[in-house]
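Student: Sharing a structure below in structure tokens format, with a few things to ask.
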Amino acid sequence: MLNATLGELGAALAAKKISAVELARGCLERIERYGAALNAFISVDASHALERAKHADAKRARGEAQPLTGIPIAHKDILCTRAMRTTCGSRMLEHYTSPYDAHVVEQLERAGTVLVAKCNMDEFAMGSSTESSHFGPARNPWDKRLVPGGSSGGSAAAVAARLVPAATGTDTGGSIRQPAALSGVCGLKPTYGVVSRYGLVAFASSLDQAGPLAKSAADLALLMNAMAGFDERDSTSLDRPKEDYGRHLGTDVKGLRIGVPKEYFGEGVEPGVLRAVEAALRWFEGQGAKRVDIELPNSPLGVAVYYVIAPAEASSNLSRFDGVRYGHRAKAYSDLVDMYCRTRAEGFGTEVKQRILVGTYVLSHGYYDAYYLQAQKVRRLIARDFAQAFERCDVVLGPTSPTTAFAIGAKTSDPVQMYLNDIFTVSAPLAGLPALSVPCGFDQKGLPVGLQLTGNYFSEARLIGAAHRYQQETDWHLRVPQETPL
């Protein structure tokens with residue numbers, strides 16, 4: 001049952017083949033068995049989960065069930081929750097409990113989901129491997145010596161190991177899609193503004209976007225139906241008509257124009273990744289999709305642009321963590337300025353400090369024009385490249401990550417190599433576009449490979465439909481790691 005899709009779980013709950021309480025207990029038992037070894041969670045609350053499950057069963061008994069009523073879920077620990085602490089993977093917020101829920105949390109609770117746990121993550125979402133977490137690195141269920149990706153690595157590992165059927169994540173430069181690829185699950189970054197950022201602890205406000213991780217593309221549609229929606233508390237939230245993100249699930253891909261950028265298939269991509277992605281491309285062509293060779297000439301600059309803009313916004317957003325209002329405060333200090341300095345030195349980890357310093361530098365007098373302003377100009381060029389590409393194609397296809405999962409500690413001493421792992425994912429958030437990653441095979445080491453589909457603004461349903469059609473003919477998304485057998 002724990003390998004079932006959300007739709008199958010919903011049908012089993014509706015048919016009373018299983019209760020929400022039994023489903024929650026099944027997840028809690030697997031968490032107890034495998035959770036510690038994977039370090040996928042920061043907080044687990046069994047009593048809260050079972051209470052919510054009982055409430056879900058009561059709703060079903062009254063005939064008030066929705067598609068996700070009774071489905072266990074975990075949230076990335078950057079989304080504020082009243083029921084559990086919100087740490088952002090940092091010592092700074094290690095003991096912080098929010099007085100309110102994030103909009104995403106509210107929406108999914110309203111849909112009847114059962115919150116089981118909060119997931120491990122890179123500190124303040126800064127990282128590509130979940131190694132910067134104050135609570136230790138999360139581990140990849142396909143091989144516990146490897147990273148699960150990041151920053152939503154705990155969410156991806158939890159879904160891959162079938163500890164929960166679905167989880168939320170956030171994507172700033174690829175932090176949903178890259179861990180989805182490295183862990184062998186599905187992840188979607190929606191169009192910027194489609195999902196409210198209210199209650200999402202800010203890293204880079206012009207880039208951050210919450211989204212779902214699950215076993216299948218169809219599951220992503222169910223979660224998006226609940227998560228998306230206008231929120232007046234978020235000034236960047238888009239006031240759009242409600243839509244059904246599963247409306248293209250029955251659509252074939254014949255005639256679909258697939259853009260294939262030469263920049264995504266060149267040097268630096270591992271052979272095993274290329275083979276799997278090219279095989280997926282051939283499958284789409286075999287189904288009647290049309291290959292369109294395109295160019296995204298500014299995409300190679302995406303990493304450099306991202307690592308100017310994101311740290312600049314982070315240096316501003318993280319200034320609120322000063323020990324005055326909430327979070328960690330140094331125990332010994334001589335005056336107010338000393339308290340600020342000691343609190344931030346103790347509360348933040350190395351990666352966060354590095355990014356704050358970089359961000360402060362590029363915003364400083366004399367360097368703003370040379371770095372930050374130039375990065376914003378190139379950001380517009382990247383968005384223009386995609387706009388021109390979408391005049392000729394419907395979706396852009398390529399690898400999610402140039403490599404499969406790497407060893408814990410392998411790249412921590414070389415931040416440039418770590419950052420280059422985001423080379424194919426940073427462009428979508430810089431342009432505000434939707435993109436998803438789904439499993440498309442395994443490399444020679446038996447590690448999952450992710451296929452990325454990027455679409456034009458508000459094309460989530462089309463992306464999900466294309467991925468779902470692919471998953472109807474393949475079973476990569478149903479494979480379960482041997483280290484966490486069902």
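Labeling convention for the structure tokens: chains A, B, ... as they appear, residues from 1 per chain, ligands from 1 in order of appearance.
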If you count only C-alpha atoms, which residues fall within 9 Å of Ala167 of chain A, apart from same-chain ones fewer than 6 positions away, as a PyMOL selection string?

Tutor: chain A and resi 72-76+119+155-156+158-159+211-214

Student: Keeping only C-alpha atoms, write those residues as a CSV table (one decimal), in the first residue's frame.

Tutor:
```csv
chain,number,residue,atom,x,y,z
A,72,PRO,CA,0.0,11.4,5.2
A,73,ILE,CA,2.4,14.2,4.2
A,74,ALA,CA,5.6,15.8,5.4
A,75,HIS,CA,6.6,19.5,5.0
A,76,LYS,CA,10.0,20.9,4.3
A,119,CYS,CA,11.9,17.3,6.6
A,155,SER,CA,11.7,15.6,1.4
A,156,ALA,CA,13.0,13.7,-1.6
A,158,ALA,CA,11.4,10.5,2.6
A,159,VAL,CA,9.3,10.0,-0.6
A,211,GLY,CA,6.1,22.9,-4.8
A,212,PRO,CA,5.3,19.2,-4.4
A,213,LEU,CA,7.4,16.0,-4.4
A,214,ALA,CA,5.7,12.7,-4.9
```

Student: I need the residue nearest Val194 of chain A from this list: A:Pro481, A:Pro241, A:Gly323, A:Gly10. Use only C-alpha atoms for the distance.

Tutor: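 For Val194 of chain A, the nearest of the candidates is A:Pro241.
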
Student: Would you mind writing down, as a ChimeraX atom specification, each residue of segment 8-76 of chain A that DSSP on the backbone assigns to helix (DSSP H, G or I)?

Tutor: /A:8-14,20-38,46-61

Student: Taking C-alpha atoms for each residue, export the selection above as a tab-separated table (two decimals), in the first residue's frame.

Tutor:
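Wrote it out as again-v2.tsv, contents follow:
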```
chain	number	residue	atom	x	y	z
A	8	GLU	CA	-4.76	4.73	-5.36
A	9	LEU	CA	-4.47	5.57	-1.68
A	10	GLY	CA	-7.48	7.85	-1.95
A	11	ALA	CA	-9.49	5.09	-3.63
A	12	ALA	CA	-8.50	2.59	-0.92
A	13	LEU	CA	-9.55	5.05	1.78
A	14	ALA	CA	-12.86	5.70	0.01
A	20	ALA	CA	-6.42	7.09	7.58
A	21	VAL	CA	-5.27	6.01	11.05
A	22	GLU	CA	-3.90	2.73	9.68
A	23	LEU	CA	-2.16	4.58	6.86
A	24	ALA	CA	-0.60	7.07	9.28
A	25	ARG	CA	0.56	4.24	11.53
A	26	GLY	CA	2.13	2.51	8.54
A	27	CYS	CA	4.15	5.63	7.76
A	28	LEU	CA	5.16	6.10	11.39
A	29	GLU	CA	6.35	2.48	11.57
A	30	ARG	CA	8.52	2.94	8.47
A	31	ILE	CA	9.86	6.22	9.86
A	32	GLU	CA	10.78	4.45	13.09
A	33	ARG	CA	12.48	1.69	11.08
A	34	TYR	CA	14.36	3.72	8.46
A	35	GLY	CA	14.08	7.38	9.45
A	36	ALA	CA	17.15	7.64	11.68
A	37	ALA	CA	19.45	5.97	9.13
A	38	LEU	CA	18.37	8.39	6.41
A	46	ALA	CA	3.13	10.74	16.00
A	47	SER	CA	0.39	11.95	18.33
A	48	HIS	CA	-0.46	14.91	16.09
A	49	ALA	CA	-0.46	12.68	13.01
A	50	LEU	CA	-2.80	10.13	14.57
A	51	GLU	CA	-5.12	12.86	15.81
A	52	ARG	CA	-5.30	14.36	12.33
A	53	ALA	CA	-5.87	10.89	10.87
A	54	LYS	CA	-8.81	10.30	13.20
A	55	HIS	CA	-10.25	13.63	12.09
A	56	ALA	CA	-9.83	12.56	8.44
A	57	ASP	CA	-11.62	9.26	9.06
A	58	ALA	CA	-14.48	11.18	10.68
A	59	LYS	CA	-14.74	13.46	7.64
A	60	ARG	CA	-14.90	10.44	5.33
A	61	ALA	CA	-17.59	8.88	7.51
```

Student: Taking only C-alpha atoms into account, name the residue in A:Val358, A:Leu397, A:Tyr192, A:Thr350 that is nearest to Glu285 of chain A.

Tutor: A:Leu397

Student: Could you name the residues that touch segment 443-447 of chain A at 10 Å or less, counting only C-alpha atoms, but leaving out those on the same chain fewer than 6 positions away, as a list in words?

Tutor: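 So, after excluding close chain neighbours, the residues are Asn140, Trp142, Asp143, Ala181, Leu182, Ser183, Gly184, Glu270, Pro271, Gly272, Val273, Leu274, Arg275, Ala276, Thr403, Thr404, Ala405, Phe406 and Pro481 of chain A.
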
Student: Give me, as a tab-separated table, each residue of segment 104-173 of chain A that comes within 7 Å of segment 77-99 of chain A, together with its shortest interatomic pair and the distance in Å at one decimal, counting only C-alpha atoms, with rows ordered by chain and rising residue number.

Tutor:
```
residue	atom	partner	partner_atom	distance
A:Lys118	CA	A:Asp77	CA	5.1
A:Cys119	CA	A:Asp77	CA	5.4
A:Asn120	CA	A:Gly89	CA	6.4
A:Met121	CA	A:Gly89	CA	5.6
A:Asp122	CA	A:Gly89	CA	6.0
A:Glu123	CA	A:Gly89	CA	4.5
A:Phe124	CA	A:Cys88	CA	5.0
A:Ser133	CA	A:Gly89	CA	4.8
A:His134	CA	A:Ser90	CA	5.0
A:Phe135	CA	A:Gly89	CA	6.5
```

Student: Pick the closest to Gly286 of chain A from A:Leu363, A:Val253, A:Leu453, A:Ala312: which is it, counting only C-alpha atoms?

Tutor: A:Val253

Student: Nearest to Pro429 of chain A among A:Gln472, A:Gln417, A:Ser319, A:Ser206, with distances taken over only C-alpha atoms: which residue is it?

Tutor: A:Ser206

Student: Leaving out Glu131 of chain A and any residue of its chain fewer than 3 positions from it, which residues lie within 12 Å of it when counting only C-alpha atoms, given as a VMD selection string?

Tutor: chain A and resid 39 to 40 89 to 90 120 to 128 134 to 140 146 to 154 349 to 351 406 to 413 418

Student: Using only C-alpha atoms, find the one residue out of A:His468, A:Arg329, A:Arg392, A:Lys254 that sits nearest to Phe348 of chain A.

Tutor: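 Closest residue, counting only C-alpha atoms: A:Arg329.
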
Student: Rounded to one decimal in Å, what is the spacing between atom CA of Asp293 of chain A and atom CA of Val260 of chain A?

Tutor: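 The value is 4.9 Å.
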
Student: Tell me which of A:Ala157, A:Met339, A:Ala428, A:Cys440 sits closest to Gln209 of chain A, counting only C-alpha atoms.

Tutor: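 So, comparing all the options, the nearest one is A:Ala428.
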